[in-house]
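Structure data (compact mmCIF, N, CA, C and O atoms) from run-v8.txt:
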```txt
# COMPACT_ATOMS: atom_id res chain seq x y z
N MET T 203 62.87 -82.15 104.29
CA MET T 203 61.62 -82.59 103.70
C MET T 203 60.80 -83.29 104.79
O MET T 203 61.20 -84.32 105.31
N ASP T 204 59.68 -82.74 105.09
CA ASP T 204 58.85 -83.25 106.17
C ASP T 204 58.25 -84.62 105.87
O ASP T 204 57.97 -85.38 106.79
N ARG T 205 58.05 -84.92 104.62
CA ARG T 205 57.42 -86.18 104.25
C ARG T 205 58.40 -87.32 104.02
O ARG T 205 58.00 -88.42 103.69
N LEU T 206 59.67 -87.07 104.21
CA LEU T 206 60.67 -88.09 103.92
C LEU T 206 60.44 -89.40 104.66
O LEU T 206 60.45 -90.46 104.03
N PRO T 207 60.19 -89.41 105.97
CA PRO T 207 59.94 -90.69 106.65
C PRO T 207 58.73 -91.43 106.05
O PRO T 207 58.77 -92.65 105.87
N GLU T 208 57.71 -90.69 105.71
CA GLU T 208 56.51 -91.29 105.10
C GLU T 208 56.83 -91.88 103.73
O GLU T 208 56.40 -92.99 103.39
N LEU T 209 57.59 -91.17 102.92
CA LEU T 209 57.94 -91.66 101.59
C LEU T 209 58.84 -92.89 101.67
O LEU T 209 58.66 -93.84 100.90
N VAL T 210 59.79 -92.88 102.58
CA VAL T 210 60.67 -94.03 102.74
C VAL T 210 59.86 -95.24 103.21
O VAL T 210 60.09 -96.36 102.77
N ALA T 211 58.89 -95.01 104.09
CA ALA T 211 58.06 -96.10 104.60
C ALA T 211 57.24 -96.76 103.49
O ALA T 211 56.88 -97.94 103.60
N GLU T 212 56.98 -96.05 102.42
CA GLU T 212 56.23 -96.61 101.29
C GLU T 212 57.03 -97.65 100.52
O GLU T 212 56.47 -98.46 99.80
N VAL T 213 58.35 -97.60 100.66
CA VAL T 213 59.22 -98.56 99.98
C VAL T 213 59.29 -99.81 100.86
O VAL T 213 59.53 -99.71 102.06
N GLY T 214 59.08 -100.95 100.27
CA GLY T 214 59.11 -102.20 101.03
C GLY T 214 60.42 -102.39 101.78
O GLY T 214 61.49 -102.00 101.29
N ALA T 215 60.34 -102.98 102.96
CA ALA T 215 61.52 -103.17 103.81
C ALA T 215 62.57 -104.08 103.15
O ALA T 215 63.73 -104.06 103.53
N GLU T 216 62.17 -104.87 102.16
CA GLU T 216 63.10 -105.76 101.47
C GLU T 216 63.76 -105.09 100.27
O GLU T 216 64.57 -105.70 99.57
N GLU T 217 63.43 -103.82 100.05
CA GLU T 217 63.98 -103.08 98.91
C GLU T 217 65.10 -102.14 99.34
O GLU T 217 65.11 -101.65 100.45
N ARG T 218 66.00 -101.87 98.43
CA ARG T 218 67.06 -100.89 98.66
C ARG T 218 66.45 -99.50 98.47
O ARG T 218 65.63 -99.29 97.59
N VAL T 219 66.84 -98.55 99.31
CA VAL T 219 66.32 -97.18 99.25
C VAL T 219 67.45 -96.26 98.84
O VAL T 219 68.56 -96.36 99.37
N ALA T 220 67.17 -95.36 97.93
CA ALA T 220 68.15 -94.36 97.52
C ALA T 220 67.54 -92.98 97.69
O ALA T 220 66.42 -92.73 97.25
N LEU T 221 68.27 -92.11 98.35
CA LEU T 221 67.86 -90.73 98.54
C LEU T 221 68.89 -89.85 97.85
O LEU T 221 70.08 -89.93 98.16
N ILE T 222 68.43 -89.04 96.92
CA ILE T 222 69.35 -88.19 96.15
C ILE T 222 68.85 -86.76 96.21
O ILE T 222 67.71 -86.47 95.83
N ASP T 223 69.69 -85.88 96.68
CA ASP T 223 69.38 -84.46 96.74
C ASP T 223 69.28 -83.94 95.30
O ASP T 223 70.15 -84.24 94.47
N SER T 224 68.24 -83.19 95.01
CA SER T 224 68.06 -82.66 93.66
C SER T 224 69.18 -81.71 93.26
O SER T 224 69.37 -81.45 92.07
N ARG T 225 69.95 -81.24 94.23
CA ARG T 225 71.07 -80.35 93.92
C ARG T 225 72.38 -81.10 93.74
O ARG T 225 73.43 -80.48 93.60
N PHE T 226 72.32 -82.44 93.73
CA PHE T 226 73.54 -83.24 93.59
C PHE T 226 74.30 -82.84 92.34
O PHE T 226 73.75 -82.76 91.24
N VAL T 227 75.58 -82.56 92.55
CA VAL T 227 76.48 -82.26 91.44
C VAL T 227 77.68 -83.16 91.64
O VAL T 227 78.43 -83.01 92.60
N GLY T 228 77.82 -84.13 90.80
CA GLY T 228 78.93 -85.05 90.94
C GLY T 228 79.08 -85.89 89.68
O GLY T 228 78.28 -85.78 88.75
N HIS T 229 80.07 -86.70 89.69
CA HIS T 229 80.35 -87.54 88.54
C HIS T 229 79.38 -88.71 88.49
O HIS T 229 79.03 -89.29 89.51
N ARG T 230 78.90 -89.04 87.32
CA ARG T 230 77.97 -90.15 87.14
C ARG T 230 78.49 -91.45 87.71
O ARG T 230 77.75 -92.24 88.26
N HIS T 231 79.78 -91.69 87.56
CA HIS T 231 80.36 -92.94 88.02
C HIS T 231 80.27 -93.07 89.55
O HIS T 231 79.92 -94.13 90.06
N SER T 232 80.55 -92.01 90.27
CA SER T 232 80.45 -92.08 91.73
C SER T 232 79.00 -92.27 92.16
O SER T 232 78.73 -93.03 93.10
N LEU T 233 78.07 -91.65 91.48
CA LEU T 233 76.66 -91.85 91.78
C LEU T 233 76.25 -93.29 91.50
O LEU T 233 75.60 -93.94 92.32
N ARG T 234 76.68 -93.82 90.38
CA ARG T 234 76.37 -95.21 90.03
C ARG T 234 76.93 -96.19 91.06
O ARG T 234 76.26 -97.13 91.48
N LEU T 235 78.16 -95.95 91.52
CA LEU T 235 78.74 -96.82 92.54
C LEU T 235 77.94 -96.79 93.84
O LEU T 235 77.67 -97.83 94.44
N ALA T 236 77.56 -95.60 94.26
CA ALA T 236 76.80 -95.48 95.52
C ALA T 236 75.45 -96.18 95.40
O ALA T 236 74.98 -96.78 96.36
N LEU T 237 74.84 -96.11 94.25
CA LEU T 237 73.50 -96.67 94.09
C LEU T 237 73.48 -98.16 93.77
O LEU T 237 72.57 -98.86 94.19
N LEU T 238 74.46 -98.63 93.04
CA LEU T 238 74.39 -100.00 92.55
C LEU T 238 75.29 -101.01 93.25
O LEU T 238 75.08 -102.20 93.11
N ASP T 239 76.27 -100.53 93.99
CA ASP T 239 77.15 -101.47 94.70
C ASP T 239 76.40 -101.99 95.92
O ASP T 239 76.14 -101.26 96.88
N THR T 240 76.02 -103.23 95.89
CA THR T 240 75.19 -103.81 96.95
C THR T 240 76.01 -104.41 98.09
O THR T 240 75.44 -104.95 99.03
N ARG T 241 77.34 -104.32 98.03
CA ARG T 241 78.17 -104.90 99.10
C ARG T 241 78.00 -104.21 100.44
O ARG T 241 77.76 -104.87 101.44
N PRO T 242 78.10 -102.88 100.51
CA PRO T 242 77.91 -102.25 101.83
C PRO T 242 76.42 -102.11 102.15
O PRO T 242 75.61 -101.92 101.25
N PRO T 243 76.06 -102.20 103.42
CA PRO T 243 74.65 -102.03 103.77
C PRO T 243 74.16 -100.59 103.58
O PRO T 243 72.98 -100.36 103.43
N ALA T 244 75.09 -99.64 103.55
CA ALA T 244 74.74 -98.25 103.29
C ALA T 244 75.92 -97.56 102.63
O ALA T 244 77.07 -97.88 102.90
N ALA T 245 75.62 -96.64 101.73
CA ALA T 245 76.67 -95.87 101.05
C ALA T 245 76.22 -94.43 100.99
O ALA T 245 75.04 -94.14 100.78
N ALA T 246 77.16 -93.52 101.19
CA ALA T 246 76.83 -92.10 101.17
C ALA T 246 77.87 -91.30 100.43
O ALA T 246 79.06 -91.60 100.49
N LEU T 247 77.39 -90.32 99.71
CA LEU T 247 78.20 -89.30 99.07
C LEU T 247 77.56 -87.98 99.47
O LEU T 247 76.41 -87.99 99.93
N PRO T 248 78.22 -86.87 99.26
CA PRO T 248 77.52 -85.60 99.52
C PRO T 248 76.27 -85.51 98.64
O PRO T 248 76.36 -85.52 97.42
N GLY T 249 75.12 -85.53 99.27
CA GLY T 249 73.86 -85.43 98.54
C GLY T 249 73.26 -86.75 98.12
O GLY T 249 72.22 -86.77 97.46
N VAL T 250 73.86 -87.88 98.50
CA VAL T 250 73.37 -89.19 98.09
C VAL T 250 73.45 -90.15 99.26
O VAL T 250 74.44 -90.20 99.97
N LEU T 251 72.39 -90.93 99.44
CA LEU T 251 72.39 -91.99 100.44
C LEU T 251 71.69 -93.20 99.85
O LEU T 251 70.58 -93.08 99.33
N ALA T 252 72.33 -94.35 99.89
CA ALA T 252 71.74 -95.60 99.44
C ALA T 252 71.78 -96.58 100.61
O ALA T 252 72.83 -96.75 101.23
N VAL T 253 70.64 -97.20 100.91
CA VAL T 253 70.53 -98.06 102.08
C VAL T 253 69.93 -99.40 101.67
O VAL T 253 68.84 -99.45 101.09
N ALA T 254 70.64 -100.47 102.00
CA ALA T 254 70.17 -101.83 101.72
C ALA T 254 69.21 -102.27 102.83
O ALA T 254 69.18 -101.67 103.91
N PRO T 255 68.43 -103.31 102.58
CA PRO T 255 67.51 -103.80 103.61
C PRO T 255 68.18 -104.08 104.94
O PRO T 255 67.58 -103.86 106.00
N ALA T 256 69.43 -104.52 104.94
CA ALA T 256 70.14 -104.83 106.18
C ALA T 256 70.31 -103.60 107.08
O ALA T 256 70.43 -103.73 108.29
N ALA T 257 70.32 -102.42 106.50
CA ALA T 257 70.51 -101.19 107.27
C ALA T 257 69.24 -100.34 107.33
O ALA T 257 69.26 -99.21 107.81
N ARG T 258 68.15 -100.89 106.88
CA ARG T 258 66.90 -100.13 106.81
C ARG T 258 66.43 -99.68 108.19
O ARG T 258 65.95 -98.56 108.35
N ALA T 259 66.56 -100.52 109.21
CA ALA T 259 66.13 -100.12 110.55
C ALA T 259 66.92 -98.90 111.04
O ALA T 259 66.37 -98.01 111.70
N ASP T 260 68.20 -98.85 110.69
CA ASP T 260 69.03 -97.69 111.07
C ASP T 260 68.52 -96.42 110.38
O ASP T 260 68.46 -95.36 111.00
N LEU T 261 68.16 -96.54 109.12
CA LEU T 261 67.63 -95.38 108.39
C LEU T 261 66.31 -94.93 109.01
O LEU T 261 66.11 -93.74 109.23
N ASP T 262 65.45 -95.87 109.31
CA ASP T 262 64.16 -95.52 109.92
C ASP T 262 64.35 -94.82 111.25
O ASP T 262 63.66 -93.83 111.54
N ARG T 263 65.30 -95.27 112.06
CA ARG T 263 65.59 -94.62 113.34
C ARG T 263 66.14 -93.22 113.12
O ARG T 263 65.78 -92.27 113.84
N ALA T 264 66.99 -93.05 112.13
CA ALA T 264 67.57 -91.74 111.85
C ALA T 264 66.52 -90.75 111.38
O ALA T 264 66.62 -89.55 111.66
N LEU T 265 65.53 -91.24 110.68
CA LEU T 265 64.48 -90.35 110.18
C LEU T 265 63.43 -90.03 111.23
O LEU T 265 62.67 -89.07 111.07
N ALA T 266 63.36 -90.83 112.29
CA ALA T 266 62.31 -90.64 113.31
C ALA T 266 62.59 -89.41 114.17
O ALA T 266 63.64 -88.91 114.29
```
Target encoding structure tokens, full file:
Amino acid sequence: MDRLPELVAEVGAEERVALIDSRFVGHRHSLRLALLDTRPPAAALPGVLAVAPAARADLDRALA
């Protein structure tokens, strides 16, 4: 997705960002854990990425 860096930049740096592939097929519980568990600065599943503000700079670099 060409606009992904732009869309992520629209989310405030103090907010958690979640990226979910529309083709995600998985159990609701694993998705909920990846999205709502705020302990790790980043969590990933196949097709899912959740990034806390502490890891936001890393996400921005990866998208650049």
- Task: Using atom N of Val219 of chain T and atom N of Asp260 of chain T as the two end points, give the distance in Å to one decimal.
- Result: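 These two atoms are separated by 11.5 Å.
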- Just list the residues in chain T DSSP gives alpha helix (DSSP H) on the backbone, as a ChimeraX atom specification. /T:206-211,230-238,258-265
Take the selection from the previous step and output its residues with N, CA, C and O atoms, as a PDB file, in the frame of the given file.
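Written out: selection.pdb:
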```pdb
ATOM      1  N   LEU T 206      59.670 -87.070 104.210  1.00  0.00           N
ATOM      2  CA  LEU T 206      60.670 -88.090 103.920  1.00  0.00           C
ATOM      3  C   LEU T 206      60.440 -89.400 104.660  1.00  0.00           C
ATOM      4  O   LEU T 206      60.450 -90.460 104.030  1.00  0.00           O
ATOM      5  N   PRO T 207      60.190 -89.410 105.970  1.00  0.00           N
ATOM      6  CA  PRO T 207      59.940 -90.690 106.650  1.00  0.00           C
ATOM      7  C   PRO T 207      58.730 -91.430 106.050  1.00  0.00           C
ATOM      8  O   PRO T 207      58.770 -92.650 105.870  1.00  0.00           O
ATOM      9  N   GLU T 208      57.710 -90.690 105.710  1.00  0.00           N
ATOM     10  CA  GLU T 208      56.510 -91.290 105.100  1.00  0.00           C
ATOM     11  C   GLU T 208      56.830 -91.880 103.730  1.00  0.00           C
ATOM     12  O   GLU T 208      56.400 -92.990 103.390  1.00  0.00           O
ATOM     13  N   LEU T 209      57.590 -91.170 102.920  1.00  0.00           N
ATOM     14  CA  LEU T 209      57.940 -91.660 101.590  1.00  0.00           C
ATOM     15  C   LEU T 209      58.840 -92.890 101.670  1.00  0.00           C
ATOM     16  O   LEU T 209      58.660 -93.840 100.900  1.00  0.00           O
ATOM     17  N   VAL T 210      59.790 -92.880 102.580  1.00  0.00           N
ATOM     18  CA  VAL T 210      60.670 -94.030 102.740  1.00  0.00           C
ATOM     19  C   VAL T 210      59.860 -95.240 103.210  1.00  0.00           C
ATOM     20  O   VAL T 210      60.090 -96.360 102.770  1.00  0.00           O
ATOM     21  N   ALA T 211      58.890 -95.010 104.090  1.00  0.00           N
ATOM     22  CA  ALA T 211      58.060 -96.100 104.600  1.00  0.00           C
ATOM     23  C   ALA T 211      57.240 -96.760 103.490  1.00  0.00           C
ATOM     24  O   ALA T 211      56.880 -97.940 103.600  1.00  0.00           O
ATOM     25  N   ARG T 230      78.900 -89.040  87.320  1.00  0.00           N
ATOM     26  CA  ARG T 230      77.970 -90.150  87.140  1.00  0.00           C
ATOM     27  C   ARG T 230      78.490 -91.450  87.710  1.00  0.00           C
ATOM     28  O   ARG T 230      77.750 -92.240  88.260  1.00  0.00           O
ATOM     29  N   HIS T 231      79.780 -91.690  87.560  1.00  0.00           N
ATOM     30  CA  HIS T 231      80.360 -92.940  88.020  1.00  0.00           C
ATOM     31  C   HIS T 231      80.270 -93.070  89.550  1.00  0.00           C
ATOM     32  O   HIS T 231      79.920 -94.130  90.060  1.00  0.00           O
ATOM     33  N   SER T 232      80.550 -92.010  90.270  1.00  0.00           N
ATOM     34  CA  SER T 232      80.450 -92.080  91.730  1.00  0.00           C
ATOM     35  C   SER T 232      79.000 -92.270  92.160  1.00  0.00           C
ATOM     36  O   SER T 232      78.730 -93.030  93.100  1.00  0.00           O
ATOM     37  N   LEU T 233      78.070 -91.650  91.480  1.00  0.00           N
ATOM     38  CA  LEU T 233      76.660 -91.850  91.780  1.00  0.00           C
ATOM     39  C   LEU T 233      76.250 -93.290  91.500  1.00  0.00           C
ATOM     40  O   LEU T 233      75.600 -93.940  92.320  1.00  0.00           O
ATOM     41  N   ARG T 234      76.680 -93.820  90.380  1.00  0.00           N
ATOM     42  CA  ARG T 234      76.370 -95.210  90.030  1.00  0.00           C
ATOM     43  C   ARG T 234      76.930 -96.190  91.060  1.00  0.00           C
ATOM     44  O   ARG T 234      76.260 -97.130  91.480  1.00  0.00           O
ATOM     45  N   LEU T 235      78.160 -95.950  91.520  1.00  0.00           N
ATOM     46  CA  LEU T 235      78.740 -96.820  92.540  1.00  0.00           C
ATOM     47  C   LEU T 235      77.940 -96.790  93.840  1.00  0.00           C
ATOM     48  O   LEU T 235      77.670 -97.830  94.440  1.00  0.00           O
ATOM     49  N   ALA T 236      77.560 -95.600  94.260  1.00  0.00           N
ATOM     50  CA  ALA T 236      76.800 -95.480  95.520  1.00  0.00           C
ATOM     51  C   ALA T 236      75.450 -96.180  95.400  1.00  0.00           C
ATOM     52  O   ALA T 236      74.980 -96.780  96.360  1.00  0.00           O
ATOM     53  N   LEU T 237      74.840 -96.110  94.250  1.00  0.00           N
ATOM     54  CA  LEU T 237      73.500 -96.670  94.090  1.00  0.00           C
ATOM     55  C   LEU T 237      73.480 -98.160  93.770  1.00  0.00           C
ATOM     56  O   LEU T 237      72.570 -98.860  94.190  1.00  0.00           O
ATOM     57  N   LEU T 238      74.460 -98.630  93.040  1.00  0.00           N
ATOM     58  CA  LEU T 238      74.390-100.000  92.550  1.00  0.00           C
ATOM     59  C   LEU T 238      75.290-101.010  93.250  1.00  0.00           C
ATOM     60  O   LEU T 238      75.080-102.200  93.110  1.00  0.00           O
ATOM     61  N   ARG T 258      68.150-100.890 106.880  1.00  0.00           N
ATOM     62  CA  ARG T 258      66.900-100.130 106.810  1.00  0.00           C
ATOM     63  C   ARG T 258      66.430 -99.680 108.190  1.00  0.00           C
ATOM     64  O   ARG T 258      65.950 -98.560 108.350  1.00  0.00           O
ATOM     65  N   ALA T 259      66.560-100.520 109.210  1.00  0.00           N
ATOM     66  CA  ALA T 259      66.130-100.120 110.550  1.00  0.00           C
ATOM     67  C   ALA T 259      66.920 -98.900 111.040  1.00  0.00           C
ATOM     68  O   ALA T 259      66.370 -98.010 111.700  1.00  0.00           O
ATOM     69  N   ASP T 260      68.200 -98.850 110.690  1.00  0.00           N
ATOM     70  CA  ASP T 260      69.030 -97.690 111.070  1.00  0.00           C
ATOM     71  C   ASP T 260      68.520 -96.420 110.380  1.00  0.00           C
ATOM     72  O   ASP T 260      68.460 -95.360 111.000  1.00  0.00           O
ATOM     73  N   LEU T 261      68.160 -96.540 109.120  1.00  0.00           N
ATOM     74  CA  LEU T 261      67.630 -95.380 108.390  1.00  0.00           C
ATOM     75  C   LEU T 261      66.310 -94.930 109.010  1.00  0.00           C
ATOM     76  O   LEU T 261      66.110 -93.740 109.230  1.00  0.00           O
ATOM     77  N   ASP T 262      65.450 -95.870 109.310  1.00  0.00           N
ATOM     78  CA  ASP T 262      64.160 -95.520 109.920  1.00  0.00           C
ATOM     79  C   ASP T 262      64.350 -94.820 111.250  1.00  0.00           C
ATOM     80  O   ASP T 262      63.660 -93.830 111.540  1.00  0.00           O
ATOM     81  N   ARG T 263      65.300 -95.270 112.060  1.00  0.00           N
ATOM     82  CA  ARG T 263      65.590 -94.620 113.340  1.00  0.00           C
ATOM     83  C   ARG T 263      66.140 -93.220 113.120  1.00  0.00           C
ATOM     84  O   ARG T 263      65.780 -92.270 113.840  1.00  0.00           O
ATOM     85  N   ALA T 264      66.990 -93.050 112.130  1.00  0.00           N
ATOM     86  CA  ALA T 264      67.570 -91.740 111.850  1.00  0.00           C
ATOM     87  C   ALA T 264      66.520 -90.750 111.380  1.00  0.00           C
ATOM     88  O   ALA T 264      66.620 -89.550 111.660  1.00  0.00           O
ATOM     89  N   LEU T 265      65.530 -91.240 110.680  1.00  0.00           N
ATOM     90  CA  LEU T 265      64.480 -90.350 110.180  1.00  0.00           C
ATOM     91  C   LEU T 265      63.430 -90.030 111.230  1.00  0.00           C
ATOM     92  O   LEU T 265      62.670 -89.070 111.070  1.00  0.00           O
TER      93      LEU T 265
END
```
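Rounded to one decimal, atom CA of Ala256 of chain T and atom CA of Pro243 of chain T lie 5.8 Å from each other.
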- Item | Interatomic distance (Å, one decimal) between atom CA of Leu265 of chain T and atom CA of Leu209 of chain T | 10.9 Å
Kindly list the centre and edge lengths in Å, rounded to one decimal, for the axis-aligned box that covers all listed atoms of segment 223-236 of chain T plus 8 Å on each of its six sides, as lines of an AutoDock Vina configuration file.
```
center_x = 74.3
center_y = -89.1
center_z = 91.9
size_x = 28.5
size_y = 33.5
size_z = 25.6
```
- Ref. answer, residues at most 10 Å from (77.9, -93.4, 92.3) with only C-alpha atoms, as a list in words: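 Protein and nucleic acid residues near the point are Gly228, His229, Arg230, His231, Ser232, Leu233, Arg234, Leu235, Ala236, Leu237, Leu238, Asp239, Ala245, Ala246, Leu247, Val250, Leu251 and Ala252 of chain T.
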- Task: Using all atoms listed in the file, pick whichever of T:Ala266, T:Asp204, T:Pro248, T:Val210 has the shortest atom-to-atom distance to Ile222 of chain T.
- Result: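 For Ile222 of chain T, the nearest of the candidates is T:Pro248.
For the choices T:Val227, T:Glu212, T:Thr240, T:Arg205, the atom-to-atom distance to Pro255 of chain T is smallest for T:Thr240 when using only C-alpha atoms.
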- Residue neighbourhood Arg258 of chain T, 7 Å, all atoms listed in the file, exclusion window fewer than 5 positions, as a VMD selection string: chain T and resid 215 217 243 253 263 to 264
Add whatever atoms are absent from segment 242-252 of chain T to reach all heavy atoms, and provide the output as a short mmCIF file (atom, residue, chain, number, x, y, z; two decimals), in the frame of the given file.
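And here's selection_7.cif as it stands now:
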```cif
data_model
loop_
_atom_site.label_atom_id
_atom_site.label_comp_id
_atom_site.auth_asym_id
_atom_site.auth_seq_id
_atom_site.Cartn_x
_atom_site.Cartn_y
_atom_site.Cartn_z
N PRO T 242 78.10 -102.88 100.51
CA PRO T 242 77.91 -102.25 101.83
C PRO T 242 76.42 -102.11 102.15
O PRO T 242 75.61 -101.92 101.25
CB PRO T 242 78.56 -100.88 101.66
CG PRO T 242 78.45 -100.57 100.21
CD PRO T 242 78.54 -101.92 99.51
N PRO T 243 76.06 -102.20 103.42
CA PRO T 243 74.65 -102.03 103.77
C PRO T 243 74.16 -100.59 103.58
O PRO T 243 72.98 -100.36 103.43
CB PRO T 243 74.58 -102.44 105.24
CG PRO T 243 75.98 -102.42 105.74
CD PRO T 243 76.87 -102.57 104.56
N ALA T 244 75.09 -99.64 103.55
CA ALA T 244 74.74 -98.25 103.29
C ALA T 244 75.92 -97.56 102.63
O ALA T 244 77.07 -97.88 102.90
CB ALA T 244 74.37 -97.53 104.58
N ALA T 245 75.62 -96.64 101.73
CA ALA T 245 76.67 -95.87 101.05
C ALA T 245 76.22 -94.43 100.99
O ALA T 245 75.04 -94.14 100.78
CB ALA T 245 76.90 -96.42 99.64
N ALA T 246 77.16 -93.52 101.19
CA ALA T 246 76.83 -92.10 101.17
C ALA T 246 77.87 -91.30 100.43
O ALA T 246 79.06 -91.60 100.49
CB ALA T 246 76.70 -91.58 102.59
N LEU T 247 77.39 -90.32 99.71
CA LEU T 247 78.20 -89.30 99.07
C LEU T 247 77.56 -87.98 99.47
O LEU T 247 76.41 -87.99 99.93
CB LEU T 247 78.11 -89.42 97.54
CG LEU T 247 78.57 -90.68 96.87
CD1 LEU T 247 78.15 -90.66 95.40
CD2 LEU T 247 80.08 -90.78 96.95
N PRO T 248 78.22 -86.87 99.26
CA PRO T 248 77.52 -85.60 99.52
C PRO T 248 76.27 -85.51 98.64
O PRO T 248 76.36 -85.52 97.42
CB PRO T 248 78.55 -84.54 99.14
CG PRO T 248 79.87 -85.23 99.32
CD PRO T 248 79.62 -86.67 98.92
N GLY T 249 75.12 -85.53 99.27
CA GLY T 249 73.86 -85.43 98.54
C GLY T 249 73.26 -86.75 98.12
O GLY T 249 72.22 -86.77 97.46
N VAL T 250 73.86 -87.88 98.50
CA VAL T 250 73.37 -89.19 98.09
C VAL T 250 73.45 -90.15 99.26
O VAL T 250 74.44 -90.20 99.97
CB VAL T 250 74.20 -89.77 96.92
CG1 VAL T 250 73.71 -91.15 96.53
CG2 VAL T 250 74.18 -88.84 95.73
N LEU T 251 72.39 -90.93 99.44
CA LEU T 251 72.39 -91.99 100.44
C LEU T 251 71.69 -93.20 99.85
O LEU T 251 70.58 -93.08 99.33
CB LEU T 251 71.66 -91.55 101.71
CG LEU T 251 71.51 -92.59 102.81
CD1 LEU T 251 72.88 -93.00 103.36
CD2 LEU T 251 70.61 -92.08 103.92
N ALA T 252 72.33 -94.35 99.89
CA ALA T 252 71.74 -95.60 99.44
C ALA T 252 71.78 -96.58 100.61
O ALA T 252 72.83 -96.75 101.23
CB ALA T 252 72.50 -96.17 98.25
#
```
